[in-house]
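Below is the file final.cif, which contains mmCIF, C-alpha atoms.
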```cif
data_model
loop_
_atom_site.label_atom_id
_atom_site.label_comp_id
_atom_site.auth_asym_id
_atom_site.auth_seq_id
_atom_site.Cartn_x
_atom_site.Cartn_y
_atom_site.Cartn_z
CA MET A 9 -55.42 73.98 -9.85
CA THR A 10 -54.33 77.63 -10.13
CA HIS A 11 -56.97 80.00 -11.44
CA PRO A 12 -55.52 82.61 -13.83
CA THR A 13 -57.97 85.24 -12.59
CA ASP A 14 -56.47 84.99 -9.12
CA LYS A 15 -53.16 86.61 -10.04
CA ARG A 16 -53.72 89.74 -8.00
CA GLU A 17 -50.88 89.67 -5.49
CA GLY A 18 -51.27 92.13 -2.68
CA SER A 19 -55.03 92.47 -3.16
CA LEU A 20 -57.02 93.73 -0.19
CA GLU A 21 -60.13 91.88 -1.31
CA ALA A 22 -61.81 89.49 1.11
CA PRO A 23 -60.92 85.80 0.72
CA THR A 24 -62.94 83.99 -1.92
CA ARG A 25 -63.68 80.29 -2.10
CA HIS A 26 -63.60 78.36 -5.36
CA PRO A 27 -66.13 75.57 -5.84
CA LEU A 28 -64.87 72.12 -4.86
CA ASP A 29 -64.18 70.27 -8.10
CA TRP A 30 -64.95 66.93 -6.46
CA GLN A 31 -66.56 65.23 -9.44
CA SER A 32 -63.61 65.66 -11.82
CA GLU A 33 -61.09 62.89 -12.61
CA ASP A 34 -58.14 65.06 -11.62
CA PHE A 35 -59.57 65.50 -8.10
CA TYR A 36 -58.91 61.79 -7.45
CA ASP A 37 -55.61 61.53 -9.31
CA GLU A 38 -52.97 60.69 -6.70
CA SER A 39 -50.05 62.08 -8.69
CA SER A 40 -51.87 65.38 -9.16
CA LEU A 41 -52.77 65.45 -5.47
CA MET A 42 -49.17 64.86 -4.38
CA THR A 43 -47.96 67.66 -6.64
CA GLU A 44 -50.45 70.05 -5.06
CA LEU A 45 -49.63 68.88 -1.52
CA GLU A 46 -45.94 69.55 -2.19
CA ARG A 47 -46.71 73.00 -3.56
CA VAL A 48 -48.92 74.05 -0.65
CA PHE A 49 -46.79 72.41 2.06
CA ASP A 50 -43.74 74.26 0.76
CA ILE A 51 -45.64 77.56 0.99
CA CYS A 52 -46.80 76.71 4.52
CA HIS A 53 -43.28 75.76 5.57
CA GLY A 54 -41.99 79.13 4.36
CA CYS A 55 -44.73 81.05 6.16
CA ARG A 56 -45.55 79.19 9.41
CA ARG A 57 -48.22 81.65 10.55
CA CYS A 58 -50.56 78.75 11.40
CA PHE A 59 -48.18 77.07 13.86
CA ASN A 60 -50.59 77.57 16.79
CA LEU A 61 -53.77 76.23 15.18
CA CYS A 62 -54.43 72.52 14.76
CA ASN A 63 -51.74 69.83 14.95
CA SER A 64 -51.43 69.57 11.15
CA PHE A 65 -49.01 72.44 11.03
CA PRO A 66 -46.66 71.40 13.87
CA THR A 67 -46.62 67.91 12.33
CA LEU A 68 -45.53 69.39 8.99
CA PHE A 69 -43.05 71.88 10.41
CA ASP A 70 -41.41 69.37 12.76
CA ALA A 71 -41.00 66.91 9.89
CA VAL A 72 -39.31 69.57 7.78
CA ASP A 73 -37.01 70.68 10.61
CA GLU A 74 -36.01 67.09 11.37
CA SER A 75 -35.44 66.13 7.73
CA GLU A 76 -32.02 65.74 6.14
CA SER A 77 -32.15 68.94 4.11
CA MET A 78 -34.47 70.80 6.50
CA GLU A 79 -36.64 71.42 3.48
CA LEU A 80 -39.74 69.65 2.18
CA ASP A 81 -37.85 67.65 -0.44
CA THR A 82 -36.50 65.18 2.16
CA VAL A 83 -39.72 64.78 4.15
CA PRO A 84 -41.15 61.24 3.74
CA LYS A 85 -44.43 61.13 1.85
CA ALA A 86 -45.97 59.16 4.73
CA VAL A 87 -45.80 62.35 6.78
CA TYR A 88 -48.12 64.02 4.26
CA TRP A 89 -50.89 61.67 5.37
CA ASP A 90 -50.15 62.42 9.04
CA VAL A 91 -50.76 66.09 8.23
CA VAL A 92 -54.04 65.16 6.54
CA ASP A 93 -55.15 63.10 9.55
CA HIS A 94 -54.66 66.01 11.93
CA CYS A 95 -56.82 68.38 9.85
CA TYR A 96 -60.43 68.44 11.04
CA LEU A 97 -61.60 71.09 8.56
CA CYS A 98 -62.15 73.87 11.09
CA ASP A 99 -61.30 76.40 8.31
CA MET A 100 -59.54 78.76 10.70
CA CYS A 101 -56.27 78.72 8.75
CA TYR A 102 -58.15 79.80 5.63
CA MET A 103 -60.31 82.42 7.30
CA SER A 104 -58.00 83.95 9.90
CA LYS A 105 -54.35 83.21 9.22
CA CYS A 106 -53.30 82.43 5.65
CA PRO A 107 -52.16 85.41 3.55
CA TYR A 108 -52.14 83.33 0.37
CA VAL A 109 -55.80 82.41 -0.02
CA PRO A 110 -57.52 83.46 -3.25
CA PRO A 111 -57.55 86.03 -4.78
CA HIS A 112 -53.78 85.77 -4.08
CA GLU A 113 -52.03 84.17 -7.04
CA TRP A 114 -50.76 81.26 -4.94
CA ASN A 115 -54.37 80.17 -4.41
CA VAL A 116 -53.87 78.27 -1.14
CA ASP A 117 -56.95 76.55 0.28
CA PHE A 118 -55.44 74.26 2.90
CA PRO A 119 -58.70 72.83 4.31
CA HIS A 120 -60.10 71.89 0.92
CA LEU A 121 -56.77 70.38 -0.10
CA MET A 122 -56.94 68.22 3.03
CA LEU A 123 -60.53 67.36 2.11
CA ARG A 124 -59.37 66.31 -1.36
CA ALA A 125 -56.76 64.02 0.20
CA LYS A 126 -59.33 62.53 2.57
CA ALA A 127 -61.73 61.96 -0.34
CA LEU A 128 -59.09 60.25 -2.48
CA ARG A 129 -58.09 57.96 0.38
CA TYR A 130 -61.71 57.14 1.16
CA LYS A 131 -62.41 56.32 -2.47
CA LYS A 132 -59.37 54.01 -2.68
CA GLN A 133 -59.32 52.48 0.80
CA GLY A 134 -62.68 53.14 2.43
CA ALA A 135 -62.67 53.84 6.18
CA SER A 136 -62.13 51.94 9.40
CA LYS A 137 -65.08 50.44 11.25
CA ARG A 138 -64.69 53.04 13.97
CA ASP A 139 -64.70 55.96 11.56
CA ARG A 140 -67.70 54.60 9.68
CA ILE A 141 -69.63 54.24 12.93
CA LEU A 142 -68.65 57.62 14.37
CA SER A 143 -69.67 59.40 11.17
CA SER A 144 -73.00 57.56 10.89
CA THR A 145 -74.81 59.77 13.36
CA ASP A 146 -78.32 58.87 12.17
CA LYS A 147 -77.82 55.12 12.43
CA VAL A 148 -76.06 55.28 15.79
CA GLY A 149 -78.60 57.71 17.16
CA LYS A 150 -81.58 55.64 16.08
CA LEU A 151 -80.12 52.49 17.62
CA ALA A 152 -78.89 54.10 20.83
CA GLY A 153 -82.14 56.01 21.23
CA ILE A 154 -84.42 52.97 21.27
CA ALA A 155 -86.35 53.09 24.54
CA VAL A 156 -85.13 49.69 25.78
CA VAL A 157 -81.56 50.40 24.70
CA VAL A 158 -80.94 54.03 25.63
CA GLN A 159 -80.51 53.49 29.38
CA ALA A 160 -77.96 50.73 28.83
CA VAL A 161 -76.02 52.85 26.30
CA ASN A 162 -75.93 55.88 28.57
CA ALA A 163 -74.94 53.77 31.58
CA ALA A 164 -72.13 52.09 29.66
CA ASN A 165 -70.86 55.45 28.43
CA LYS A 166 -70.65 56.68 32.02
CA SER A 167 -68.91 53.63 33.48
CA LYS A 168 -65.16 53.05 33.51
CA LEU A 169 -65.64 49.44 32.42
CA GLY A 170 -67.87 50.44 29.54
CA ARG A 171 -65.45 53.11 28.38
CA LYS A 172 -62.49 50.71 28.53
CA ALA A 173 -64.44 48.26 26.38
CA LEU A 174 -65.33 51.01 23.91
CA GLU A 175 -61.69 52.02 23.67
CA LYS A 176 -60.54 48.46 23.11
CA THR A 177 -63.18 47.56 20.51
CA LEU A 178 -63.57 50.82 18.60
CA GLY A 179 -60.61 53.00 19.53
CA VAL A 180 -62.76 55.66 21.21
CA HIS A 181 -60.63 57.13 23.99
CA ARG A 182 -61.90 56.20 27.45
CA ASP A 183 -61.75 59.81 28.67
CA ALA A 184 -63.25 61.50 25.61
CA PRO A 185 -66.62 63.18 26.22
CA VAL A 186 -69.39 61.16 24.57
CA PRO A 187 -72.96 62.44 24.27
CA GLN A 188 -75.99 61.19 26.13
CA TYR A 189 -78.84 59.75 24.04
CA HIS A 190 -82.57 60.37 24.44
CA SER A 191 -85.39 58.14 23.29
CA LYS A 192 -87.76 61.10 23.44
CA THR A 193 -86.09 63.17 20.75
CA ALA A 194 -86.58 66.85 20.00
CA ARG A 195 -88.67 65.97 16.97
CA LYS A 196 -90.98 63.88 19.17
CA ARG A 197 -91.16 66.55 21.85
CA LEU A 198 -91.96 69.29 19.36
CA ASP A 199 -94.23 67.28 17.07
CA VAL A 200 -97.12 69.55 17.99
CA LEU A 201 -95.41 72.43 16.20
CA ARG A 202 -97.05 72.07 12.79
CA TYR A 203 -97.86 75.56 11.66
CA GLU A 204 -99.85 76.23 8.55
CA LYS A 205 -97.58 77.25 5.69
CA GLY A 206 -99.37 80.59 5.45
CA GLU A 207 -98.77 81.50 9.11
CA ARG A 208 -98.66 85.27 9.50
CA ALA A 209 -95.56 86.78 10.99
CA GLU A 210 -93.98 90.20 11.22
CA SER A 211 -91.10 90.44 8.78
CA THR A 212 -88.04 92.69 8.80
CA ALA A 213 -85.65 93.78 6.07
CA LYS A 214 -83.80 90.44 6.17
CA THR A 215 -86.10 88.05 8.02
CA SER A 216 -89.57 86.70 7.31
CA GLY A 217 -90.34 86.43 11.01
CA LYS A 218 -91.17 82.72 10.85
CA VAL A 219 -88.66 79.89 10.91
CA VAL A 220 -88.49 76.20 10.22
CA LEU A 221 -86.14 74.30 12.53
CA PHE A 222 -83.56 71.86 11.21
CA SER A 223 -82.98 70.17 14.55
CA THR A 224 -79.67 68.39 13.61
CA CYS A 225 -78.57 64.95 14.80
CA TYR A 226 -77.12 66.29 18.03
CA GLY A 227 -79.98 68.65 18.77
CA ASN A 228 -82.53 65.95 18.04
CA ARG A 229 -81.15 62.88 19.83
CA ASN A 230 -78.39 64.06 22.14
CA MET A 231 -79.52 67.43 23.43
CA PRO A 232 -83.24 67.94 22.72
CA ALA A 233 -83.32 70.81 25.21
CA LEU A 234 -81.63 72.88 22.49
CA ALA A 235 -84.76 72.73 20.34
CA GLU A 236 -87.05 73.33 23.31
CA ASP A 237 -85.05 76.39 24.38
CA LEU A 238 -84.93 77.75 20.82
CA VAL A 239 -88.68 77.38 20.38
CA ALA A 240 -89.37 79.03 23.76
CA VAL A 241 -87.10 82.00 22.96
CA TYR A 242 -88.42 82.44 19.42
CA GLU A 243 -92.07 82.19 20.39
CA HIS A 244 -91.43 84.68 23.20
CA ASN A 245 -90.32 86.99 20.39
CA ASP A 246 -93.49 86.24 18.37
CA ILE A 247 -91.60 84.11 15.83
CA PRO A 248 -93.54 80.98 14.80
CA VAL A 249 -91.37 77.84 14.66
CA ALA A 250 -92.17 74.78 12.53
CA ILE A 251 -90.34 71.47 12.23
CA VAL A 252 -88.84 70.10 9.01
CA GLU A 253 -90.98 67.14 7.97
CA LYS A 254 -88.05 64.95 6.95
CA GLU A 255 -84.47 65.29 8.16
CA VAL A 256 -81.19 63.36 8.09
CA CYS A 257 -77.66 64.31 9.11
CA CYS A 258 -76.43 67.50 7.43
CA GLY A 259 -73.42 65.56 6.11
CA MET A 260 -70.60 67.23 8.04
CA PRO A 261 -69.32 64.00 9.69
CA LYS A 262 -69.16 62.29 6.30
CA LEU A 263 -67.46 65.34 4.78
CA GLU A 264 -64.75 65.17 7.44
CA LEU A 265 -64.29 61.50 6.58
CA GLY A 266 -63.96 62.23 2.87
CA ASP A 267 -67.11 60.30 1.93
CA LEU A 268 -68.45 62.87 -0.50
CA GLU A 269 -70.99 60.54 -2.06
CA ALA A 270 -72.63 60.16 1.36
CA VAL A 271 -72.75 63.96 1.59
CA ARG A 272 -74.53 64.04 -1.78
CA LYS A 273 -77.09 61.46 -0.63
CA ALA A 274 -77.86 63.45 2.53
CA LYS A 275 -78.22 66.60 0.46
CA GLU A 276 -80.77 64.91 -1.80
CA ILE A 277 -82.94 64.10 1.22
CA ASN A 278 -82.63 67.37 3.14
CA ILE A 279 -82.68 70.04 0.46
CA PRO A 280 -86.09 69.34 -1.16
CA ASP A 281 -88.00 69.62 2.13
CA LEU A 282 -86.10 72.73 3.16
CA VAL A 283 -86.76 74.32 -0.23
CA TYR A 284 -90.46 73.59 0.20
CA TRP A 285 -90.52 75.71 3.34
CA VAL A 286 -88.36 78.46 1.83
CA ASP A 287 -90.73 78.70 -1.14
CA MET A 288 -93.56 79.17 1.36
CA GLY A 289 -91.74 82.17 2.80
CA TRP A 290 -90.07 80.64 5.87
CA ASP A 291 -86.48 81.09 7.03
CA ILE A 292 -84.33 78.21 8.39
CA VAL A 293 -82.37 77.97 11.64
CA THR A 294 -80.19 75.21 13.09
CA PRO A 295 -78.82 75.16 16.66
CA ILE A 296 -75.40 73.63 15.82
CA PRO A 297 -72.76 75.83 14.09
CA SER A 298 -71.23 72.97 12.05
CA CYS A 299 -74.62 72.10 10.56
CA THR A 300 -75.34 75.74 9.76
CA LEU A 301 -71.94 75.99 8.07
CA MET A 302 -72.63 72.85 6.05
CA PHE A 303 -75.65 74.46 4.43
CA LYS A 304 -74.13 77.93 4.23
CA GLN A 305 -70.73 77.00 2.81
CA GLU A 306 -69.80 73.39 2.10
CA LEU A 307 -72.86 72.25 0.16
CA PRO A 308 -72.89 75.40 -2.02
CA LEU A 309 -69.20 74.83 -2.79
CA MET A 310 -69.85 71.20 -3.67
CA PHE A 311 -72.97 71.96 -5.71
CA PRO A 312 -72.53 75.54 -6.98
CA ASP A 313 -74.95 75.02 -9.88
CA ASP A 314 -77.77 73.57 -7.80
CA ALA A 315 -80.32 76.35 -7.48
CA ASP A 316 -82.08 74.66 -4.57
CA VAL A 317 -78.84 74.40 -2.57
CA ILE A 318 -78.24 78.11 -3.12
CA LYS A 319 -81.82 78.90 -2.13
CA VAL A 320 -81.36 77.04 1.16
CA ARG A 321 -78.00 78.73 1.76
CA ASP A 322 -79.60 82.15 1.44
CA ALA A 323 -82.40 81.25 3.88
CA MET A 324 -80.18 79.59 6.51
CA PHE A 325 -79.35 81.41 9.76
CA ASP A 326 -77.55 80.89 13.02
CA PRO A 327 -80.14 81.31 15.84
CA PHE A 328 -78.49 84.37 17.35
CA GLU A 329 -77.70 85.88 13.96
CA TYR A 330 -81.42 85.71 13.21
CA LEU A 331 -82.46 87.32 16.48
CA MET A 332 -79.92 90.13 16.10
CA LEU A 333 -81.12 90.85 12.56
CA ARG A 334 -84.58 91.33 14.01
CA HIS A 335 -83.18 93.44 16.84
CA LYS A 336 -81.71 95.77 14.22
CA ASP A 337 -85.26 96.53 13.09
CA GLY A 338 -86.67 96.79 16.61
CA LYS A 339 -88.32 93.35 16.67
CA LEU A 340 -86.40 91.71 19.52
CA LYS A 341 -87.88 91.75 23.01
CA THR A 342 -85.49 92.91 25.70
CA ASP A 343 -87.78 92.27 28.68
CA PHE A 344 -85.12 90.32 30.52
CA LYS A 345 -86.10 89.18 34.00
CA LYS A 346 -82.88 87.65 35.34
CA PRO A 347 -79.21 88.74 35.14
CA LEU A 348 -76.68 86.12 34.07
CA GLY A 349 -73.68 87.41 35.99
CA LYS A 350 -70.13 86.80 34.81
CA MET A 351 -69.78 84.35 31.93
CA ALA A 352 -67.02 82.83 29.78
CA TYR A 353 -67.89 82.22 26.13
CA GLN A 354 -65.88 79.94 23.82
CA VAL A 355 -66.64 80.87 20.21
CA PRO A 356 -66.67 77.71 18.05
CA CYS A 357 -64.50 77.67 14.94
CA HIS A 358 -67.41 76.76 12.67
CA LEU A 359 -69.28 79.80 13.95
CA ARG A 360 -66.33 82.15 13.50
CA VAL A 361 -65.84 81.18 9.86
CA GLN A 362 -69.43 82.12 9.03
CA ASN A 363 -68.29 85.76 9.21
CA ILE A 364 -71.42 86.97 10.98
CA GLY A 365 -69.68 88.54 13.94
CA LEU A 366 -70.18 87.65 17.60
CA LYS A 367 -73.98 87.76 17.61
CA THR A 368 -74.34 85.37 20.55
CA ARG A 369 -72.15 87.58 22.71
CA ASP A 370 -73.86 90.76 21.52
CA LEU A 371 -77.33 89.51 22.39
CA LEU A 372 -76.49 88.07 25.79
CA ALA A 373 -74.54 91.21 26.64
CA MET A 374 -77.87 93.11 26.48
CA VAL A 375 -79.03 91.24 29.59
CA PRO A 376 -78.60 93.61 32.58
CA ASP A 377 -75.82 92.84 35.06
CA THR A 378 -74.16 90.43 32.67
CA GLU A 379 -70.45 90.35 31.83
CA ILE A 380 -68.99 88.13 29.10
CA GLU A 381 -65.38 87.00 28.68
CA THR A 382 -65.04 86.01 25.01
CA ILE A 383 -62.52 83.31 24.06
CA GLU A 384 -61.83 82.90 20.35
CA ARG A 385 -59.75 79.73 20.44
CA CYS A 386 -60.38 76.16 19.32
CA SER A 387 -61.74 73.59 21.77
CA GLY A 388 -59.84 70.76 20.08
CA HIS A 389 -62.99 68.62 19.91
CA ASP A 390 -63.77 69.15 16.24
CA GLY A 391 -66.25 66.49 15.23
CA THR A 392 -64.81 63.05 15.95
CA TYR A 393 -61.16 64.09 16.35
CA ALA A 394 -61.20 64.27 20.16
CA LEU A 395 -62.99 60.93 20.42
CA LYS A 396 -60.25 58.96 18.70
CA LYS A 397 -57.74 57.20 20.92
CA GLU A 398 -54.73 58.36 18.90
CA PHE A 399 -55.77 62.04 18.84
CA HIS A 400 -57.50 62.63 22.17
CA GLU A 401 -54.45 63.81 24.13
CA ILE A 402 -53.55 66.19 21.30
CA SER A 403 -57.10 67.53 21.33
CA LYS A 404 -56.80 68.23 25.05
CA LYS A 405 -53.57 70.11 24.45
CA ILE A 406 -55.35 72.29 21.89
CA ALA A 407 -58.11 72.97 24.44
CA ARG A 408 -55.70 73.85 27.24
CA PRO A 409 -55.49 77.63 26.57
CA VAL A 410 -59.29 77.89 26.60
CA ILE A 411 -59.53 75.92 29.85
CA SER A 412 -56.89 78.17 31.41
CA LYS A 413 -58.75 81.34 30.42
CA VAL A 414 -62.06 80.06 31.78
CA LYS A 415 -60.44 79.14 35.09
CA LYS A 416 -58.78 82.54 35.42
CA ALA A 417 -62.04 84.33 34.58
CA ASP A 418 -63.78 82.81 37.65
CA VAL A 419 -67.25 82.92 36.10
CA ASP A 420 -70.82 81.99 37.01
CA HIS A 421 -71.45 80.32 33.65
CA PHE A 422 -69.34 78.79 30.91
CA PHE A 423 -70.94 78.26 27.50
CA SER A 424 -70.36 77.66 23.81
CA ASP A 425 -72.69 77.51 20.80
CA CYS A 426 -71.22 74.05 20.12
CA PRO A 427 -72.26 71.59 22.86
CA MET A 428 -69.47 69.18 21.93
CA ALA A 429 -66.82 71.90 22.25
CA ALA A 430 -68.33 72.97 25.56
CA GLU A 431 -68.18 69.44 27.00
CA GLN A 432 -64.57 69.04 25.88
CA ILE A 433 -63.59 72.21 27.73
CA ALA A 434 -65.77 71.51 30.78
CA GLN A 435 -63.83 68.29 31.34
CA GLY A 436 -60.83 70.38 32.27
CA LEU A 437 -62.73 72.69 34.60
CA GLU A 438 -63.49 72.24 38.29
CA ASN A 439 -67.12 72.53 39.38
CA GLN A 440 -68.13 74.22 36.14
CA ASP A 441 -70.79 72.69 33.89
CA ALA A 442 -71.05 73.37 30.18
CA GLU A 443 -74.10 75.38 29.15
CA HIS A 444 -75.65 76.55 25.90
CA PRO A 445 -76.48 80.19 25.08
CA LEU A 446 -80.07 79.36 24.05
CA GLY A 447 -80.70 77.97 27.53
CA LEU A 448 -79.06 81.01 29.12
CA LEU A 449 -81.15 83.37 27.00
CA ARG A 450 -84.28 81.51 28.01
CA THR A 451 -83.25 81.86 31.65
CA ALA A 452 -82.68 85.60 31.17
CA TYR A 453 -86.18 85.96 29.71
CA GLY A 454 -87.60 83.98 32.62
CA ILE A 455 -89.66 81.69 30.36
#
```
Would you kindly transcribe this structure into structure tokens?
Amino acid sequence: MTHPTDKREGSLEAPTRHPLDWQSEDFYDESSLMTELERVFDICHGCRRCFNLCNSFPTLFDAVDESESMELDTVPKAVYWDVVDHCYLCDMCYMSKCPYVPPHEWNVDFPHLMLRAKALRYKKQGASKRDRILSSTDKVGKLAGIAVVVQAVNAANKSKLGRKALEKTLGVHRDAPVPQYHSKTARKRLDVLRYEKGERAESTAKTSGKVVLFSTCYGNRNMPALAEDLVAVYEHNDIPVAIVEKEVCCGMPKLELGDLEAVRKAKEINIPDLVYWVDMGWDIVTPIPSCTLMFKQELPLMFPDDADVIKVRDAMFDPFEYLMLRHKDGKLKTDFKKPLGKMAYQVPCHLRVQNIGLKTRDLLAMVPDTEIETIERCSGHDGTYALKKEFHEISKKIARPVISKVKKADVDHFFSDCPMAAEQIAQGLENQDAEHPLGLLRTAYGI
């Protein structure tokens, strides 16, 4: 799928992303896919700059080095699917490593090629029971969060016997961090936040000064304190917060599975309500980087001609990005009451690829007597990858450099914008709990 306009070798332009042509016949043509996999894998084999990212690249490079010709032509095609399985769409190869992304004439988009392969396989074969369950965050959350069920679910997830049973029946590794569920969700806790659509707020050059919260599956059912902390911090800064009336999963878990039709269905539920708020002059924030990225990047690339999707993209913000935009115009309160001490901060991949800079670090660094060690490496958790029995040990290997840096830093707090990444890393630490920057900021404000 080479674009003639991309033949600008040596260009210093920023990487560009072509829309995902997921509704075309060629997208699901296996022969066409294999031809493109061969082309891109051969380029990757000749470059090898991404050897220290996810396990897709070592899998590919080892297969080439162990093949008869030590070139791609003698690598078994089955290995291609192993490479696909190890890609969890973090986008770091595209955004930080690959010199051949568009506008380069070779037009390499490794993550979206892996997504195409996942989508073709899903369309032809479907998915395993485990993968269907793990990616159905709404259904699982609703069931696990029932008041009479939630205690049993949480207890089972904490017991060795329960985890062994989960590994045996579903292939979820017994040591993988699994989230706690709450029957009193964030949406229930914050139901009182129903601002009038005409609520007055003080705007800045790039913010309206009033936000509607897309709580996300994780923020709603697994970690409702995220929403409570966000609301406390925003209201402390005189920013009204409302709740989206109707909300389902952003679609990222289904995207990673290759179930693009499920992504479309989620989009058709979420976008209209979000657009309603945007049209009333409100901005949107989500507390989970992957969900923010879904609305900022993946949905616009899947539906580039959908004006409502683009409207939501342009109104969507990371929580700390939003606060720092307001700080630029003098609208952020810096009346911090409590220092945070020495902290280690793992920057999630799906936050890094948003290209907004390290806004979380920059804001928390304004707290007096606070020192932050920033770690820009992958946690290895990446959606459901670390949960799966066959990938968990590999995920821990990916996390090892981060764990080592946190240990050496000897900090008072360890945190990440992604709670799942934080828990994965915290498992390898001694006497160090995972925290979230919104909670730390709330502590600093003393509210």
Inset, instruction - Would you translate the PyMOL selection byres ((chain A and resi 387) around 6) into the concrete set of residues it matches in this file, as a list in words? - result: Cys386, Gly388, His389, Ala407 and Ala429 of chain A
Any chance you can output those residues with C-alpha atoms as a PDB file, in the coordinates of the input?
```pdb
ATOM      1  CA  CYS A 386     -60.380  76.160  19.320  1.00  0.00           C
ATOM      2  CA  GLY A 388     -59.840  70.760  20.080  1.00  0.00           C
ATOM      3  CA  HIS A 389     -62.990  68.620  19.910  1.00  0.00           C
ATOM      4  CA  ALA A 407     -58.110  72.970  24.440  1.00  0.00           C
ATOM      5  CA  ALA A 429     -66.820  71.900  22.250  1.00  0.00           C
TER       6      ALA A 429
END
```
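Closest approach to Val116 in chain A from the set A:Asp146, A:Glu46, A:Asp93, A:Asp139 is made by A:Glu46, with distances taken over all atoms listed in the file.
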Inset, instruction - Point out the residue among A:Lys214, A:Cys258, A:Arg272, A:Thr145 with the least atom-to-atom distance to Arg229 in chain A, counting only C-alpha atoms. - result: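 Among A:Lys214, A:Cys258, A:Arg272, A:Thr145, it is A:Thr145 that comes nearest to Arg229 in chain A.
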Inset, instruction - Return as a list in words the set of residues that the PyMOL selection byres ((chain A and resi 362-372) around 7) yields on the displayed structure. - result: Leu301, Phe328, Glu329, Met332, His358, Leu359, Arg360, Val361, Ala373, Met374, Val375 and Leu449 of chain A
Inset, instruction - Choose the residue, out of A:Ser211, A:Asn245, A:Asn278, A:Asn439, that has the smallest atom-to-atom separation from Ile455 in chain A; count only C-alpha atoms. - result: A:Asn245
Legend entry - Separation of CA of Pro111 in chain A from CA of Val87 in chain A in Å: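 Calculated distance between CA of Val87 in chain A and CA of Pro111 in chain A is 28.9 Å.
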If you count all atoms listed in the file, which residues fall within 10 Å of Cys426 in chain A, apart from same-chain ones fewer than 3 positions away, as a PDB file with C-alpha atoms, keeping the file's coordinate frame?
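And here is the file that came out, result.pdb:
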```pdb
ATOM      1  CA  TYR A 226     -77.120  66.290  18.030  1.00  0.00           C
ATOM      2  CA  PRO A 295     -78.820  75.160  16.660  1.00  0.00           C
ATOM      3  CA  ILE A 296     -75.400  73.630  15.820  1.00  0.00           C
ATOM      4  CA  PRO A 297     -72.760  75.830  14.090  1.00  0.00           C
ATOM      5  CA  SER A 298     -71.230  72.970  12.050  1.00  0.00           C
ATOM      6  CA  GLN A 354     -65.880  79.940  23.820  1.00  0.00           C
ATOM      7  CA  VAL A 355     -66.640  80.870  20.210  1.00  0.00           C
ATOM      8  CA  PRO A 356     -66.670  77.710  18.050  1.00  0.00           C
ATOM      9  CA  CYS A 357     -64.500  77.670  14.940  1.00  0.00           C
ATOM     10  CA  HIS A 358     -67.410  76.760  12.670  1.00  0.00           C
ATOM     11  CA  LEU A 359     -69.280  79.800  13.950  1.00  0.00           C
ATOM     12  CA  SER A 387     -61.740  73.590  21.770  1.00  0.00           C
ATOM     13  CA  HIS A 389     -62.990  68.620  19.910  1.00  0.00           C
ATOM     14  CA  ASP A 390     -63.770  69.150  16.240  1.00  0.00           C
ATOM     15  CA  PHE A 423     -70.940  78.260  27.500  1.00  0.00           C
ATOM     16  CA  ALA A 429     -66.820  71.900  22.250  1.00  0.00           C
ATOM     17  CA  ALA A 430     -68.330  72.970  25.560  1.00  0.00           C
ATOM     18  CA  GLU A 431     -68.180  69.440  27.000  1.00  0.00           C
ATOM     19  CA  GLU A 443     -74.100  75.380  29.150  1.00  0.00           C
ATOM     20  CA  HIS A 444     -75.650  76.550  25.900  1.00  0.00           C
ATOM     21  CA  PRO A 445     -76.480  80.190  25.080  1.00  0.00           C
TER      22      PRO A 445
END
```
Inset, instruction - Using only C-alpha atoms, determine which residues lie at most 12 Å from Lys132 in chain A, disregarding the query and same-chain residues fewer than 2 positions distant; provide the list as a ChimeraX atom specification. - result: /A:36-38,125-130,134-135,266-267
Legend entry - One-decimal distance in Å that lies between CA of Leu265 in chain A and CA of Leu123 in chain A: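 Going from CA of Leu123 in chain A over to CA of Leu265 in chain A covers 8.3 Å.
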Legend entry - Expansion of the PyMOL selection byres ((chain A and resi 381) around 8) into residues, as a PyMOL selection string: chain A and resi 350-353+379-380+382-383+417
Inset, instruction - Name the residues in contact with range 338-342 of chain A at a cut-off of 10 Å, using all atoms listed in the file, excluding same-chain residues fewer than 3 positions from it; report them as number ranges by chain. - result: A: 210-212, 217, 241-242, 244-247, 331-335, 345, 371, 374-376, 452-453
Kindly save the residues from that selection, with C-alpha atoms included, as a compact mmCIF listing (two decimals), keeping the file's coordinate frame.
```txt
# COMPACT_ATOMS: atom_id res chain seq x y z
CA GLU A 210 -93.98 90.20 11.22
CA SER A 211 -91.10 90.44 8.78
CA THR A 212 -88.04 92.69 8.80
CA GLY A 217 -90.34 86.43 11.01
CA VAL A 241 -87.10 82.00 22.96
CA TYR A 242 -88.42 82.44 19.42
CA HIS A 244 -91.43 84.68 23.20
CA ASN A 245 -90.32 86.99 20.39
CA ASP A 246 -93.49 86.24 18.37
CA ILE A 247 -91.60 84.11 15.83
CA LEU A 331 -82.46 87.32 16.48
CA MET A 332 -79.92 90.13 16.10
CA LEU A 333 -81.12 90.85 12.56
CA ARG A 334 -84.58 91.33 14.01
CA HIS A 335 -83.18 93.44 16.84
CA LYS A 345 -86.10 89.18 34.00
CA LEU A 371 -77.33 89.51 22.39
CA MET A 374 -77.87 93.11 26.48
CA VAL A 375 -79.03 91.24 29.59
CA PRO A 376 -78.60 93.61 32.58
CA ALA A 452 -82.68 85.60 31.17
CA TYR A 453 -86.18 85.96 29.71
```
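Comparing the minimum interatomic distances between Lys319 in chain A and each of A:Pro119, A:Gly349, A:Gly447, A:Pro280, counting only C-alpha atoms, we find that A:Pro280 sits nearest.
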Can you write range 103-107 of chain A from the block above with C-alpha atoms, as a short mmCIF file (atom, residue, chain, number, x, y, z; two decimals), in the first residue's frame?
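Writing done, so here's decode.cif:
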```cif
data_model
loop_
_atom_site.label_atom_id
_atom_site.label_comp_id
_atom_site.auth_asym_id
_atom_site.auth_seq_id
_atom_site.Cartn_x
_atom_site.Cartn_y
_atom_site.Cartn_z
CA MET A 103 6.89 7.09 17.07
CA SER A 104 10.40 6.76 18.50
CA LYS A 105 12.55 4.31 16.56
CA CYS A 106 11.66 3.63 12.92
CA PRO A 107 13.41 5.84 10.34
#
```
